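*Asks:* Supplied structure: structure_34.pdb, PDB, C-alpha atoms, pLDDT in the B column.
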ATOM      1  CA  LYS A   1     -17.162  22.633  27.160  1.00 84.00           C
ATOM      2  CA  GLN A   2     -13.797  20.957  26.646  1.00 88.00           C
ATOM      3  CA  GLU A   3     -11.289  23.058  24.699  1.00 93.00           C
ATOM      4  CA  VAL A   4      -7.948  21.783  23.467  1.00 96.00           C
ATOM      5  CA  THR A   5      -5.079  24.096  22.557  1.00 96.00           C
ATOM      6  CA  GLN A   6      -1.814  23.248  20.844  1.00 96.00           C
ATOM      7  CA  ILE A   7       1.210  25.491  20.908  1.00 91.00           C
ATOM      8  CA  PRO A   8       3.042  26.338  18.742  1.00 91.00           C
ATOM      9  CA  ALA A   9       0.879  26.259  15.635  1.00 94.00           C
ATOM     10  CA  ALA A  10       3.968  25.667  13.504  1.00 96.00           C
ATOM     11  CA  LEU A  11       7.533  24.647  14.251  1.00 95.00           C
ATOM     12  CA  SER A  12      10.643  24.227  12.098  1.00 96.00           C
ATOM     13  CA  VAL A  13      13.752  22.532  13.463  1.00 96.00           C
ATOM     14  CA  PRO A  14      16.975  21.147  11.940  1.00 97.00           C
ATOM     15  CA  GLU A  15      17.252  17.415  11.487  1.00 97.00           C
ATOM     16  CA  GLY A  16      18.620  15.565  14.498  1.00 97.00           C
ATOM     17  CA  GLU A  17      17.248  17.905  17.162  1.00 97.00           C
ATOM     18  CA  ASN A  18      14.981  16.798  19.968  1.00 97.00           C
ATOM     19  CA  LEU A  19      11.692  18.676  20.210  1.00 96.00           C
ATOM     20  CA  VAL A  20       8.581  19.016  22.342  1.00 96.00           C
ATOM     21  CA  LEU A  21       5.020  19.665  21.217  1.00 97.00           C
ATOM     22  CA  ASN A  22       2.508  20.962  23.730  1.00 97.00           C
ATOM     23  CA  CYS A  23      -1.181  20.274  24.261  1.00 97.00           C
ATOM     24  CA  SER A  24      -3.428  21.760  26.936  1.00 97.00           C
ATOM     25  CA  PHE A  25      -7.062  21.070  27.774  1.00 96.00           C
ATOM     26  CA  THR A  26      -9.534  22.955  29.933  1.00 95.00           C
ATOM     27  CA  ASP A  27     -11.468  20.107  31.572  1.00 89.00           C
ATOM     28  CA  SER A  28      -9.209  17.752  33.523  1.00 87.00           C
ATOM     29  CA  ALA A  29     -11.921  15.070  33.767  1.00 86.00           C
ATOM     30  CA  ILE A  30     -10.636  13.137  30.779  1.00 88.00           C
ATOM     31  CA  TYR A  31     -10.740   9.414  30.098  1.00 86.00           C
ATOM     32  CA  ASN A  32      -7.754   9.312  27.779  1.00 90.00           C
ATOM     33  CA  LEU A  33      -5.599  11.425  25.473  1.00 94.00           C
ATOM     34  CA  GLN A  34      -4.447  10.435  22.030  1.00 94.00           C
ATOM     35  CA  TRP A  35      -1.687  11.886  19.824  1.00 97.00           C
ATOM     36  CA  PHE A  36      -2.033  11.624  16.048  1.00 96.00           C
ATOM     37  CA  ARG A  37      -0.005  12.634  13.036  1.00 97.00           C
ATOM     38  CA  GLN A  38      -1.589  13.800   9.803  1.00 95.00           C
ATOM     39  CA  ASP A  39       0.272  14.005   6.515  1.00 94.00           C
ATOM     40  CA  PRO A  40      -1.009  16.429   3.864  1.00 88.00           C
ATOM     41  CA  GLY A  41      -4.154  15.117   2.211  1.00 82.00           C
ATOM     42  CA  LYS A  42      -4.207  12.036   4.412  1.00 85.00           C
ATOM     43  CA  GLY A  43      -6.154  10.731   7.370  1.00 88.00           C
ATOM     44  CA  LEU A  44      -4.927  10.530  10.940  1.00 93.00           C
ATOM     45  CA  THR A  45      -2.393   7.988  12.161  1.00 93.00           C
ATOM     46  CA  SER A  46      -2.576   7.159  15.859  1.00 92.00           C
ATOM     47  CA  LEU A  47       0.790   7.552  17.557  1.00 96.00           C
ATOM     48  CA  LEU A  48       0.184   7.117  21.288  1.00 95.00           C
ATOM     49  CA  LEU A  49      -2.789   6.653  23.609  1.00 92.00           C
ATOM     50  CA  ILE A  50      -2.473   7.583  27.277  1.00 93.00           C
ATOM     51  CA  GLN A  51      -5.153   6.483  29.713  1.00 90.00           C
ATOM     52  CA  SER A  52      -6.086   8.939  32.456  1.00 89.00           C
ATOM     53  CA  SER A  53      -4.392   6.740  35.065  1.00 90.00           C
ATOM     54  CA  GLN A  54      -1.083   6.766  33.190  1.00 93.00           C
ATOM     55  CA  ARG A  55       1.669   9.376  33.249  1.00 94.00           C
ATOM     56  CA  GLU A  56       3.398   8.573  29.987  1.00 95.00           C
ATOM     57  CA  GLN A  57       3.647   6.286  26.982  1.00 95.00           C
ATOM     58  CA  THR A  58       6.605   5.568  24.733  1.00 96.00           C
ATOM     59  CA  SER A  59       6.900   4.269  21.199  1.00 95.00           C
ATOM     60  CA  GLY A  60      10.306   4.310  19.557  1.00 97.00           C
ATOM     61  CA  ARG A  61      11.543   7.899  19.398  1.00 97.00           C
ATOM     62  CA  LEU A  62       8.236   9.239  20.694  1.00 97.00           C
ATOM     63  CA  ASN A  63       7.330   9.840  24.314  1.00 97.00           C
ATOM     64  CA  ALA A  64       4.053  11.359  25.437  1.00 97.00           C
ATOM     65  CA  SER A  65       3.404  12.546  28.965  1.00 97.00           C
ATOM     66  CA  LEU A  66       0.152  13.446  30.677  1.00 96.00           C
ATOM     67  CA  ASP A  67      -0.435  15.712  33.679  1.00 95.00           C
ATOM     68  CA  LYS A  68      -4.180  15.497  34.106  1.00 92.00           C
ATOM     69  CA  SER A  69      -4.423  17.814  37.082  1.00 91.00           C
ATOM     70  CA  SER A  70      -2.806  20.689  35.203  1.00 94.00           C
ATOM     71  CA  GLY A  71      -4.516  19.861  31.913  1.00 95.00           C
ATOM     72  CA  ARG A  72      -1.328  19.324  29.923  1.00 96.00           C
ATOM     73  CA  SER A  73       0.318  16.790  27.688  1.00 97.00           C
ATOM     74  CA  THR A  74       3.588  16.891  25.800  1.00 97.00           C
ATOM     75  CA  LEU A  75       4.857  14.876  22.870  1.00 97.00           C
ATOM     76  CA  TYR A  76       8.624  14.509  22.844  1.00 97.00           C
ATOM     77  CA  ILE A  77      10.312  13.522  19.586  1.00 97.00           C
ATOM     78  CA  ALA A  78      13.943  12.464  19.849  1.00 97.00           C
ATOM     79  CA  ALA A  79      16.525  12.762  17.080  1.00 97.00           C
ATOM     80  CA  SER A  80      14.090  14.263  14.591  1.00 97.00           C
ATOM     81  CA  GLN A  81      14.121  13.121  10.951  1.00 97.00           C
ATOM     82  CA  PRO A  82      12.710  14.697   7.769  1.00 96.00           C
ATOM     83  CA  GLY A  83      10.082  11.937   7.710  1.00 96.00           C
ATOM     84  CA  ASP A  84       8.698  13.338  10.957  1.00 97.00           C
ATOM     85  CA  SER A  85       7.427  16.370   9.050  1.00 97.00           C
ATOM     86  CA  ALA A  86       3.630  16.391   9.437  1.00 97.00           C
ATOM     87  CA  THR A  87       0.866  17.982  11.466  1.00 97.00           C
ATOM     88  CA  TYR A  88       0.564  16.593  14.981  1.00 98.00           C
ATOM     89  CA  LEU A  89      -2.824  16.598  16.670  1.00 97.00           C
ATOM     90  CA  CYS A  90      -3.777  15.808  20.227  1.00 97.00           C
ATOM     91  CA  ALA A  91      -7.290  14.786  21.219  1.00 96.00           C
ATOM     92  CA  VAL A  92      -8.997  14.074  24.525  1.00 94.00           C
ATOM     93  CA  LEU A  93     -11.904  11.836  25.431  1.00 89.00           C
ATOM     94  CA  VAL A  94     -13.912  13.284  28.324  1.00 78.00           C
ATOM     95  CA  SER A  95     -15.109  10.947  31.023  1.00 64.00           C
ATOM     96  CA  ASN A  96     -18.822  11.663  30.953  1.00 63.00           C
ATOM     97  CA  PHE A  97     -20.712   8.408  30.672  1.00 62.00           C
ATOM     98  CA  GLY A  98     -22.019   7.857  27.167  1.00 63.00           C
ATOM     99  CA  ASN A  99     -19.666  10.400  25.666  1.00 67.00           C
ATOM    100  CA  GLU A 100     -17.343   8.758  23.198  1.00 76.00           C
ATOM    101  CA  LYS A 101     -16.253  11.667  21.048  1.00 84.00           C
ATOM    102  CA  LEU A 102     -12.736  12.999  20.799  1.00 90.00           C
ATOM    103  CA  THR A 103     -12.136  16.738  21.111  1.00 93.00           C
ATOM    104  CA  PHE A 104      -9.168  17.809  19.006  1.00 96.00           C
ATOM    105  CA  GLY A 105      -6.720  20.658  19.091  1.00 96.00           C
ATOM    106  CA  THR A 106      -5.922  22.549  15.896  1.00 93.00           C
ATOM    107  CA  GLY A 107      -2.535  20.869  15.560  1.00 96.00           C
ATOM    108  CA  THR A 108       1.141  21.769  15.318  1.00 97.00           C
ATOM    109  CA  ARG A 109       2.605  21.748  11.820  1.00 96.00           C
ATOM    110  CA  LEU A 110       6.134  20.379  12.161  1.00 97.00           C
ATOM    111  CA  THR A 111       8.839  20.783   9.528  1.00 97.00           C
ATOM    112  CA  ILE A 112      12.189  19.040   9.918  1.00 97.00           C
ATOM    113  CA  ILE A 113      14.880  20.749   7.885  1.00 96.00           C
ATOM    114  CA  PRO A 114      17.423  18.331   6.334  1.00 94.00           C
TER
ATOM    115  CA  GLY B   1      -4.804  -6.205   8.224  1.00 55.00           C
ATOM    116  CA  ALA B   2      -7.119  -3.819   6.422  1.00 81.00           C
ATOM    117  CA  GLY B   3      -7.662  -0.450   8.036  1.00 92.00           C
ATOM    118  CA  VAL B   4     -10.625   1.896   7.828  1.00 95.00           C
ATOM    119  CA  SER B   5     -11.512   2.671   4.228  1.00 96.00           C
ATOM    120  CA  GLN B   6     -13.604   5.500   2.853  1.00 97.00           C
ATOM    121  CA  SER B   7     -15.080   6.206  -0.551  1.00 97.00           C
ATOM    122  CA  PRO B   8     -15.009   8.238  -2.605  1.00 97.00           C
ATOM    123  CA  ARG B   9     -11.706   9.875  -1.691  1.00 96.00           C
ATOM    124  CA  TYR B  10     -12.706  13.071  -3.483  1.00 97.00           C
ATOM    125  CA  LYS B  11     -16.149  14.402  -4.294  1.00 97.00           C
ATOM    126  CA  VAL B  12     -17.103  17.569  -6.127  1.00 98.00           C
ATOM    127  CA  ALA B  13     -20.740  18.580  -5.917  1.00 97.00           C
ATOM    128  CA  LYS B  14     -22.726  21.496  -7.210  1.00 97.00           C
ATOM    129  CA  ARG B  15     -24.547  23.467  -4.552  1.00 97.00           C
ATOM    130  CA  GLY B  16     -27.897  21.872  -3.900  1.00 97.00           C
ATOM    131  CA  GLN B  17     -26.878  18.323  -4.830  1.00 97.00           C
ATOM    132  CA  ASP B  18     -27.144  15.404  -2.424  1.00 98.00           C
ATOM    133  CA  VAL B  19     -24.004  13.394  -1.624  1.00 98.00           C
ATOM    134  CA  ALA B  20     -23.362  10.072   0.118  1.00 98.00           C
ATOM    135  CA  LEU B  21     -20.050   9.220   1.741  1.00 98.00           C
ATOM    136  CA  ARG B  22     -19.184   5.649   2.669  1.00 98.00           C
ATOM    137  CA  CYS B  23     -17.099   4.254   5.511  1.00 98.00           C
ATOM    138  CA  ASP B  24     -15.909   0.648   5.926  1.00 97.00           C
ATOM    139  CA  PRO B  25     -14.615   0.232   9.487  1.00 96.00           C
ATOM    140  CA  ILE B  26     -12.095  -2.324  10.651  1.00 95.00           C
ATOM    141  CA  SER B  27     -13.840  -5.690  10.809  1.00 93.00           C
ATOM    142  CA  GLY B  28     -15.267  -6.397  14.247  1.00 91.00           C
ATOM    143  CA  HIS B  29     -15.018  -2.833  15.507  1.00 92.00           C
ATOM    144  CA  VAL B  30     -18.029  -1.945  17.596  1.00 91.00           C
ATOM    145  CA  SER B  31     -17.800   1.836  17.542  1.00 91.00           C
ATOM    146  CA  LEU B  32     -17.856   4.082  14.477  1.00 94.00           C
ATOM    147  CA  PHE B  33     -17.410   7.843  14.386  1.00 94.00           C
ATOM    148  CA  TRP B  34     -17.742  10.589  11.797  1.00 97.00           C
ATOM    149  CA  TYR B  35     -15.740  13.816  12.056  1.00 97.00           C
ATOM    150  CA  GLN B  36     -15.600  16.928   9.876  1.00 97.00           C
ATOM    151  CA  GLN B  37     -12.284  18.684   9.319  1.00 96.00           C
ATOM    152  CA  ALA B  38     -12.203  22.185   7.850  1.00 94.00           C
ATOM    153  CA  LEU B  39      -9.003  23.439   6.254  1.00 90.00           C
ATOM    154  CA  GLY B  40      -6.361  24.222   8.864  1.00 88.00           C
ATOM    155  CA  GLN B  41      -8.495  22.991  11.748  1.00 92.00           C
ATOM    156  CA  GLY B  42      -8.668  19.905  13.881  1.00 93.00           C
ATOM    157  CA  PRO B  43     -11.436  17.380  13.241  1.00 95.00           C
ATOM    158  CA  GLU B  44     -14.801  18.066  14.868  1.00 95.00           C
ATOM    159  CA  PHE B  45     -17.169  15.355  15.999  1.00 94.00           C
ATOM    160  CA  LEU B  46     -20.344  14.747  13.991  1.00 96.00           C
ATOM    161  CA  THR B  47     -21.903  11.481  15.149  1.00 95.00           C
ATOM    162  CA  TYR B  48     -21.225   8.132  16.836  1.00 92.00           C
ATOM    163  CA  PHE B  49     -22.561   4.588  16.420  1.00 92.00           C
ATOM    164  CA  GLN B  50     -22.279   1.616  18.717  1.00 91.00           C
ATOM    165  CA  ASN B  51     -23.048  -1.304  16.420  1.00 93.00           C
ATOM    166  CA  GLU B  52     -26.157  -0.183  14.524  1.00 95.00           C
ATOM    167  CA  ALA B  53     -27.376   2.243  17.169  1.00 94.00           C
ATOM    168  CA  GLN B  54     -26.684   5.943  16.673  1.00 94.00           C
ATOM    169  CA  LEU B  55     -25.967   6.993  20.252  1.00 90.00           C
ATOM    170  CA  ASP B  56     -24.816  10.551  19.691  1.00 90.00           C
ATOM    171  CA  LYS B  57     -25.592  12.875  16.804  1.00 91.00           C
ATOM    172  CA  SER B  58     -25.031  16.111  18.663  1.00 91.00           C
ATOM    173  CA  GLY B  59     -22.338  17.279  16.244  1.00 93.00           C
ATOM    174  CA  LEU B  60     -24.405  17.141  13.061  1.00 96.00           C
ATOM    175  CA  PRO B  61     -24.552  20.799  11.944  1.00 94.00           C
ATOM    176  CA  SER B  62     -28.051  20.735  10.466  1.00 94.00           C
ATOM    177  CA  ASP B  63     -30.922  18.448   9.540  1.00 95.00           C
ATOM    178  CA  ARG B  64     -29.398  18.208   6.068  1.00 97.00           C
ATOM    179  CA  PHE B  65     -26.871  15.773   7.554  1.00 98.00           C
ATOM    180  CA  PHE B  66     -27.917  12.179   8.117  1.00 97.00           C
ATOM    181  CA  ALA B  67     -25.884   9.094   9.014  1.00 98.00           C
ATOM    182  CA  GLU B  68     -26.758   5.429   9.205  1.00 97.00           C
ATOM    183  CA  ARG B  69     -25.140   2.090   9.987  1.00 97.00           C
ATOM    184  CA  PRO B  70     -27.998  -0.363   9.410  1.00 96.00           C
ATOM    185  CA  GLU B  71     -26.126  -3.637   9.928  1.00 94.00           C
ATOM    186  CA  GLY B  72     -23.566  -2.444  12.417  1.00 92.00           C
ATOM    187  CA  SER B  73     -20.714  -2.448   9.925  1.00 95.00           C
ATOM    188  CA  VAL B  74     -20.584  -0.097   6.915  1.00 97.00           C
ATOM    189  CA  SER B  75     -21.791   3.437   7.521  1.00 98.00           C
ATOM    190  CA  THR B  76     -23.014   6.145   5.168  1.00 98.00           C
ATOM    191  CA  LEU B  77     -23.012   9.871   5.816  1.00 98.00           C
ATOM    192  CA  LYS B  78     -25.512  11.673   3.623  1.00 98.00           C
ATOM    193  CA  ILE B  79     -25.647  15.395   3.063  1.00 98.00           C
ATOM    194  CA  GLN B  80     -28.728  16.793   1.374  1.00 98.00           C
ATOM    195  CA  ARG B  81     -28.881  20.053  -0.575  1.00 97.00           C
ATOM    196  CA  THR B  82     -25.162  20.686  -0.140  1.00 97.00           C
ATOM    197  CA  GLN B  83     -23.950  24.200   0.637  1.00 97.00           C
ATOM    198  CA  GLN B  84     -20.508  25.745   0.145  1.00 96.00           C
ATOM    199  CA  GLU B  85     -19.902  25.692   3.894  1.00 96.00           C
ATOM    200  CA  ASP B  86     -20.150  21.874   3.771  1.00 97.00           C
ATOM    201  CA  SER B  87     -16.810  21.780   1.930  1.00 97.00           C
ATOM    202  CA  ALA B  88     -14.422  19.905   4.214  1.00 97.00           C
ATOM    203  CA  VAL B  89     -12.722  16.581   4.739  1.00 96.00           C
ATOM    204  CA  TYR B  90     -15.034  14.004   6.287  1.00 98.00           C
ATOM    205  CA  LEU B  91     -13.184  11.476   8.424  1.00 97.00           C
ATOM    206  CA  CYS B  92     -14.465   8.153   9.651  1.00 97.00           C
ATOM    207  CA  ALA B  93     -12.955   6.322  12.617  1.00 95.00           C
ATOM    208  CA  SER B  94     -13.634   3.024  14.340  1.00 93.00           C
ATOM    209  CA  SER B  95     -12.649   1.435  17.621  1.00 90.00           C
ATOM    210  CA  LEU B  96     -12.797  -2.143  18.842  1.00 86.00           C
ATOM    211  CA  ILE B  97     -14.466  -1.449  22.153  1.00 75.00           C
ATOM    212  CA  THR B  98     -16.494   1.256  23.755  1.00 66.00           C
ATOM    213  CA  ARG B  99     -14.859   3.507  26.329  1.00 64.00           C
ATOM    214  CA  SER B 100     -11.107   3.902  26.284  1.00 62.00           C
ATOM    215  CA  GLY B 101     -10.891   2.399  22.837  1.00 73.00           C
ATOM    216  CA  GLU B 102      -8.187   3.718  20.556  1.00 83.00           C
ATOM    217  CA  GLN B 103      -9.775   5.273  17.474  1.00 88.00           C
ATOM    218  CA  PHE B 104      -8.392   4.381  14.056  1.00 91.00           C
ATOM    219  CA  PHE B 105      -9.047   6.774  11.217  1.00 93.00           C
ATOM    220  CA  GLY B 106      -9.671   6.337   7.522  1.00 95.00           C
ATOM    221  CA  PRO B 107      -8.071   8.520   4.820  1.00 94.00           C
ATOM    222  CA  GLY B 108     -11.103  10.794   4.611  1.00 96.00           C
ATOM    223  CA  THR B 109     -13.321  12.071   1.828  1.00 97.00           C
ATOM    224  CA  ARG B 110     -12.565  15.579   0.603  1.00 96.00           C
ATOM    225  CA  LEU B 111     -15.860  17.222  -0.353  1.00 97.00           C
ATOM    226  CA  THR B 112     -15.825  20.379  -2.444  1.00 97.00           C
ATOM    227  CA  VAL B 113     -19.126  22.151  -3.040  1.00 97.00           C
ATOM    228  CA  LEU B 114     -19.085  24.620  -5.917  1.00 96.00           C
TER
END
Translate this structure into structure tokens?
*Replies:*
Amino acid sequence: KQEVTQIPAALSVPEGENLVLNCSFTDSAIYNLQWFRQDPGKGLTSLLLIQSSQREQTSGRLNASLDKSSGRSTLYIAASQPGDSATYLCAVLVSNFGNEKLTFGTGTRLTIIP
Amino acid sequence: GAGVSQSPRYKVAKRGQDVALRCDPISGHVSLFWYQQALGQGPEFLTYFQNEAQLDKSGLPSDRFFAERPEGSVSTLKIQRTQQEDSAVYLCASSLITRSGEQFFGPGTRLTVL
């Protein structure tokens, strides 16, 4: 059974710092990995999608990397801003045929201190 | 364009009542997913539709949970005889294509069972 772990569970950093969020998964046979952000009381906003054949994806100040063989992904946020405060979730799609469901980690709650 | 919408946004039910939660996916999206998110946890998969066909319902926690998507567009998640442990946020997601499709989430319905 695929298990996804995110460390740390919570993180507070001063505004302007660069930071890294970690995600690990137990079954390396994934089809893709997706990073989301979730604001309190809201749904999930997709940030980046990395296919299993890719090593990284970038969008603005965000960069996500994927090392499938070691079961790890990182989300790098450059020059953090207070608006980045949210919970960040990673999710993997396993590659079994017919399986479409995402398996999520429990998230990292990020607070950017002005 | 319009994203995934869900209604109601909040629902309070007395234990034993039946509830129906609605999801309007992005127009033209083939795949539709329901997830359940308990407080402080990541979302957990409930069920998946490809057009009108329910291809995976392995995540439904009991036979009190039932989902349908009769015309391959709008979907309804029904919970019969609600219990306190059903209290959670119910998230709907859709994707344009099957396999490797990026999933887009709605704002969720927060269900509280008293």
*Asks:* Could the residues of chain A within 12 Å of chain B, counting only C-alpha atoms, be given as a PyMOL selection string, please?
*Replies:* chain A and resi 3-6+9-10+30-53+87-109
*Asks:* Can you give me, as a list in words, the residues this file yields under the PyMOL selection byres ((chain B and resi 112) around 10)?
*Replies:* Tyr10, Lys11, Val12, Ala13, Lys14, Arg15, Thr82, Gln83, Gln84, Glu85, Asp86, Ser87, Ala88, Val89, Thr109, Arg110, Leu111, Val113 and Leu114 of chain B
*Asks:* Can you tell me how far atom CA of Gln54 of chain A sits from atom CA of Leu66 of chain A, in Å to one decimal?
*Replies:*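 For atom CA of Gln54 of chain A relative to atom CA of Leu66 of chain A, the distance reads 7.2 Å.
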*Asks:* Find the residue from A:Leu110, A:Glu17, A:Ile77, A:Asp84 that sits nearest to Asn63 of chain A; use all atoms listed in the file when measuring.
*Replies:* A:Ile77
*Asks:* In Å, with one decimal, what is the gap from atom CA of Pro8 of chain B to atom CA of Ser94 of chain B?
*Replies:*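 Pair atom CA of Pro8 of chain B / atom CA of Ser94 of chain B returns 17.8 Å.
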*Asks:* Could you pull the residues within 7 Å of Val19 of chain B, counting all atoms listed in the file, minus those fewer than 6 positions along the same chain, as an NGL selection string?
*Replies:* :B and (78-80)
*Asks:* Evaluating the PyMOL selection byres ((chain A and resi 62) around 10) on the displayed file yields which residues, as number ranges by chain?
*Replies:* A: 20, 47-48, 57-61, 63-64, 75-80
*Asks:* Around the point (11.0, 10.8, 5.5) in the file's coordinates, collect all residues with an atom within 12 Å, using only C-alpha atoms, and return them as a PyMOL selection string.
*Replies:* chain A and resi 15+39+80-86+111-114
*Asks:* Distance atom CA of Arg22 of chain B-atom CA of Phe65 of chain B, one decimal place?
*Replies:*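 A separation of 13.6 Å between them.
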*Asks:* Of the candidates B:Arg81, B:Gln17, B:Cys23, B:Ser95, which shows the shortest atom-to-atom distance to Arg69 of chain B, using all atoms listed in the file?
*Replies:*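 Checking each candidate against Arg69 of chain B, we get B:Cys23 as the closest.
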*Asks:* Restricting the calculation to all atoms listed in the file, which member of B:Ala2, B:Gln36, B:Ser7, B:Ser73 is positioned closest to Leu21 of chain B?
*Replies:* B:Ser7
